[in-house]
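S.K.: Here it is: the structure, laid out below.
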Amino acid sequence: MNDVSRDALEGLIEEFVTREGTDYGAEETTLDERKSALRRKLERKEVLIVFDPATETCNLIAREDLER
């Protein structure tokens, strides 16, 4: 997370939480709430930033999914 600029990280987080098909359960949450929850998961290393050099794109993935 430290290798990504603050602006790039904010853009990545916002893009991720606003993706079509992203399900946050029965309760509605605000954009800021979703972004804060994802930021906490990144800080706890429950979610990781991965970079694909072939496509030069970044994505967020749950640590447990990456370890499988």
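Order determines the names: the first chain of the structure tokens is A, the second B, and so forth; residues in each chain are numbered 1 upward, and ligands are numbered 1 upward as they are shown.
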Quick check for you: according to DSSP on this backbone, which residues of chain A are classed as helix (DSSP H, G or I)? Reply as a ChimeraX atom specification.

M.R.: /A:6-17,31-43,63-67

S.K.: So that I can check the surroundings of Asp3 of chain A, please list as a PyMOL selection string every protein, DNA and RNA residue that reaches within 12 Å of it, counting only C-alpha atoms and ignoring chain neighbours fewer than 3 positions away.

M.R.: chain A and resi 6-9+49-51

S.K.: Restricted to C-alpha atoms, what would the selected residues look like written as a PDB file, in the first residue's frame?

M.R.:
```
ATOM      1  CA  ARG A   6      -2.516   8.522  -2.118  1.00  0.00           C
ATOM      2  CA  ASP A   7      -4.456   9.698  -5.192  1.00  0.00           C
ATOM      3  CA  ALA A   8      -3.945   6.400  -7.009  1.00  0.00           C
ATOM      4  CA  LEU A   9      -5.052   4.454  -3.936  1.00  0.00           C
ATOM      5  CA  ILE A  49      -3.318  -4.696  -4.202  1.00  0.00           C
ATOM      6  CA  VAL A  50      -2.116  -6.840  -7.081  1.00  0.00           C
ATOM      7  CA  PHE A  51      -0.509  -5.604 -10.292  1.00  0.00           C
TER       8      PHE A  51
END
```

S.K.: Could you pull the residues within 9 Å of Lys35 of chain A, counting only C-alpha atoms, minus those fewer than 2 positions along the same chain, as an NGL selection string?

M.R.: :A and (10 or 13-14 or 16-17 or 30-33 or 37-40)

S.K.: Just to be explicit: take each residue in the selection above, keep N, CA and C atoms, and write the result as a JSON list (two decimals), in the first residue's frame.

M.R.:
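Saved result, part-v5.json, follows:
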```json
[["chain", "number", "residue", "atom", "x", "y", "z"],
["A", 10, "GLU", "N", -6.80, 6.12, -3.66],
["A", 10, "GLU", "CA", -8.19, 6.58, -3.56],
["A", 10, "GLU", "C", -8.97, 6.20, -4.82],
["A", 13, "ILE", "N", -9.60, 2.39, -4.79],
["A", 13, "ILE", "CA", -10.63, 2.04, -3.81],
["A", 13, "ILE", "C", -12.01, 2.44, -4.34],
["A", 14, "GLU", "N", -12.14, 3.65, -4.84],
["A", 14, "GLU", "CA", -13.45, 4.11, -5.33],
["A", 14, "GLU", "C", -13.92, 3.29, -6.52],
["A", 16, "PHE", "N", -13.18, 0.22, -7.18],
["A", 16, "PHE", "CA", -13.53, -1.11, -6.71],
["A", 16, "PHE", "C", -14.90, -1.13, -6.04],
["A", 17, "VAL", "N", -15.16, -0.19, -5.15],
["A", 17, "VAL", "CA", -16.43, -0.23, -4.41],
["A", 17, "VAL", "C", -17.63, 0.21, -5.24],
["A", 30, "THR", "N", -23.26, 3.90, 2.41],
["A", 30, "THR", "CA", -22.83, 5.03, 1.60],
["A", 30, "THR", "C", -21.50, 4.71, 0.94],
["A", 31, "LEU", "N", -21.17, 5.48, -0.06],
["A", 31, "LEU", "CA", -19.89, 5.33, -0.73],
["A", 31, "LEU", "C", -18.75, 5.50, 0.27],
["A", 32, "ASP", "N", -18.85, 6.50, 1.12],
["A", 32, "ASP", "CA", -17.79, 6.72, 2.11],
["A", 32, "ASP", "C", -17.65, 5.56, 3.07],
["A", 33, "GLU", "N", -18.77, 4.96, 3.48],
["A", 33, "GLU", "CA", -18.71, 3.79, 4.37],
["A", 33, "GLU", "C", -18.03, 2.61, 3.69],
["A", 37, "ALA", "N", -14.45, 0.98, 4.88],
["A", 37, "ALA", "CA", -14.36, -0.45, 5.21],
["A", 37, "ALA", "C", -13.25, -1.11, 4.39],
["A", 38, "LEU", "N", -13.16, -0.77, 3.12],
["A", 38, "LEU", "CA", -12.12, -1.35, 2.27],
["A", 38, "LEU", "C", -10.74, -0.86, 2.69],
["A", 39, "ARG", "N", -10.63, 0.41, 3.05],
["A", 39, "ARG", "CA", -9.36, 0.96, 3.51],
["A", 39, "ARG", "C", -8.88, 0.22, 4.76],
["A", 40, "ARG", "N", -9.80, -0.06, 5.70],
["A", 40, "ARG", "CA", -9.44, -0.81, 6.91],
["A", 40, "ARG", "C", -8.94, -2.21, 6.57]]
```

S.K.: Determine the nearest neighbour of Asp65 of chain A from the options A:Glu20, A:Glu46, A:Glu15, A:Glu27, counting only C-alpha atoms.

M.R.: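 Looking only at the distances to Asp65 of chain A, the closest residue turns out to be A:Glu46.
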
S.K.: Please provide as a list in words all residues within 7 Å of Arg63 of chain A, with the sequence filter that same-chain residues fewer than 3 positions apart are discarded (counting only C-alpha atoms).

M.R.: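 The residues that qualify are Glu46, Val47, Leu48, Leu66 and Glu67 of chain A.
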
S.K.: Please extract the residues of chain A with a backbone DSSP assignment of strand (DSSP E) and present them as a PyMOL selection string.

M.R.: chain A and resi 47-52+57-62

S.K.: Based on the selection just made, write N, CA and C atoms of those residues as a short mmCIF file (atom, residue, chain, number, x, y, z; two decimals), in the first residue's frame.

M.R.:
```
data_model
loop_
_atom_site.label_atom_id
_atom_site.label_comp_id
_atom_site.auth_asym_id
_atom_site.auth_seq_id
_atom_site.Cartn_x
_atom_site.Cartn_y
_atom_site.Cartn_z
N VAL A 47 -7.08 -7.47 2.45
CA VAL A 47 -7.21 -7.24 1.01
C VAL A 47 -5.88 -6.70 0.53
N LEU A 48 -5.43 -7.19 -0.62
CA LEU A 48 -4.13 -6.80 -1.17
C LEU A 48 -4.31 -6.16 -2.54
N ILE A 49 -3.36 -5.29 -2.87
CA ILE A 49 -3.32 -4.70 -4.20
C ILE A 49 -2.41 -5.58 -5.05
N VAL A 50 -2.92 -6.02 -6.17
CA VAL A 50 -2.12 -6.84 -7.08
C VAL A 50 -1.97 -6.10 -8.41
N PHE A 51 -0.80 -6.25 -9.02
CA PHE A 51 -0.51 -5.60 -10.29
C PHE A 51 -0.24 -6.67 -11.32
N ASP A 52 -0.89 -6.56 -12.47
CA ASP A 52 -0.68 -7.48 -13.58
C ASP A 52 0.20 -6.77 -14.61
N THR A 57 -2.43 -3.32 -15.14
CA THR A 57 -3.59 -2.92 -14.35
C THR A 57 -3.43 -3.40 -12.91
N CYS A 58 -4.09 -2.69 -12.02
CA CYS A 58 -4.12 -3.06 -10.60
C CYS A 58 -5.51 -3.57 -10.26
N ASN A 59 -5.56 -4.41 -9.25
CA ASN A 59 -6.84 -4.89 -8.75
C ASN A 59 -6.69 -5.14 -7.26
N LEU A 60 -7.80 -5.24 -6.59
CA LEU A 60 -7.83 -5.58 -5.17
C LEU A 60 -8.36 -6.98 -5.04
N ILE A 61 -7.72 -7.75 -4.17
CA ILE A 61 -8.14 -9.14 -4.00
C ILE A 61 -8.01 -9.52 -2.52
N ALA A 62 -8.96 -10.31 -2.06
CA ALA A 62 -8.88 -10.79 -0.68
C ALA A 62 -7.67 -11.69 -0.53
#
```

S.K.: Could you jot down the atom CA of Thr18 of chain A to atom CA of Arg34 of chain A separation for me, Å, one decimal place?

M.R.: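 Going from atom CA of Thr18 of chain A over to atom CA of Arg34 of chain A covers 9.0 Å.
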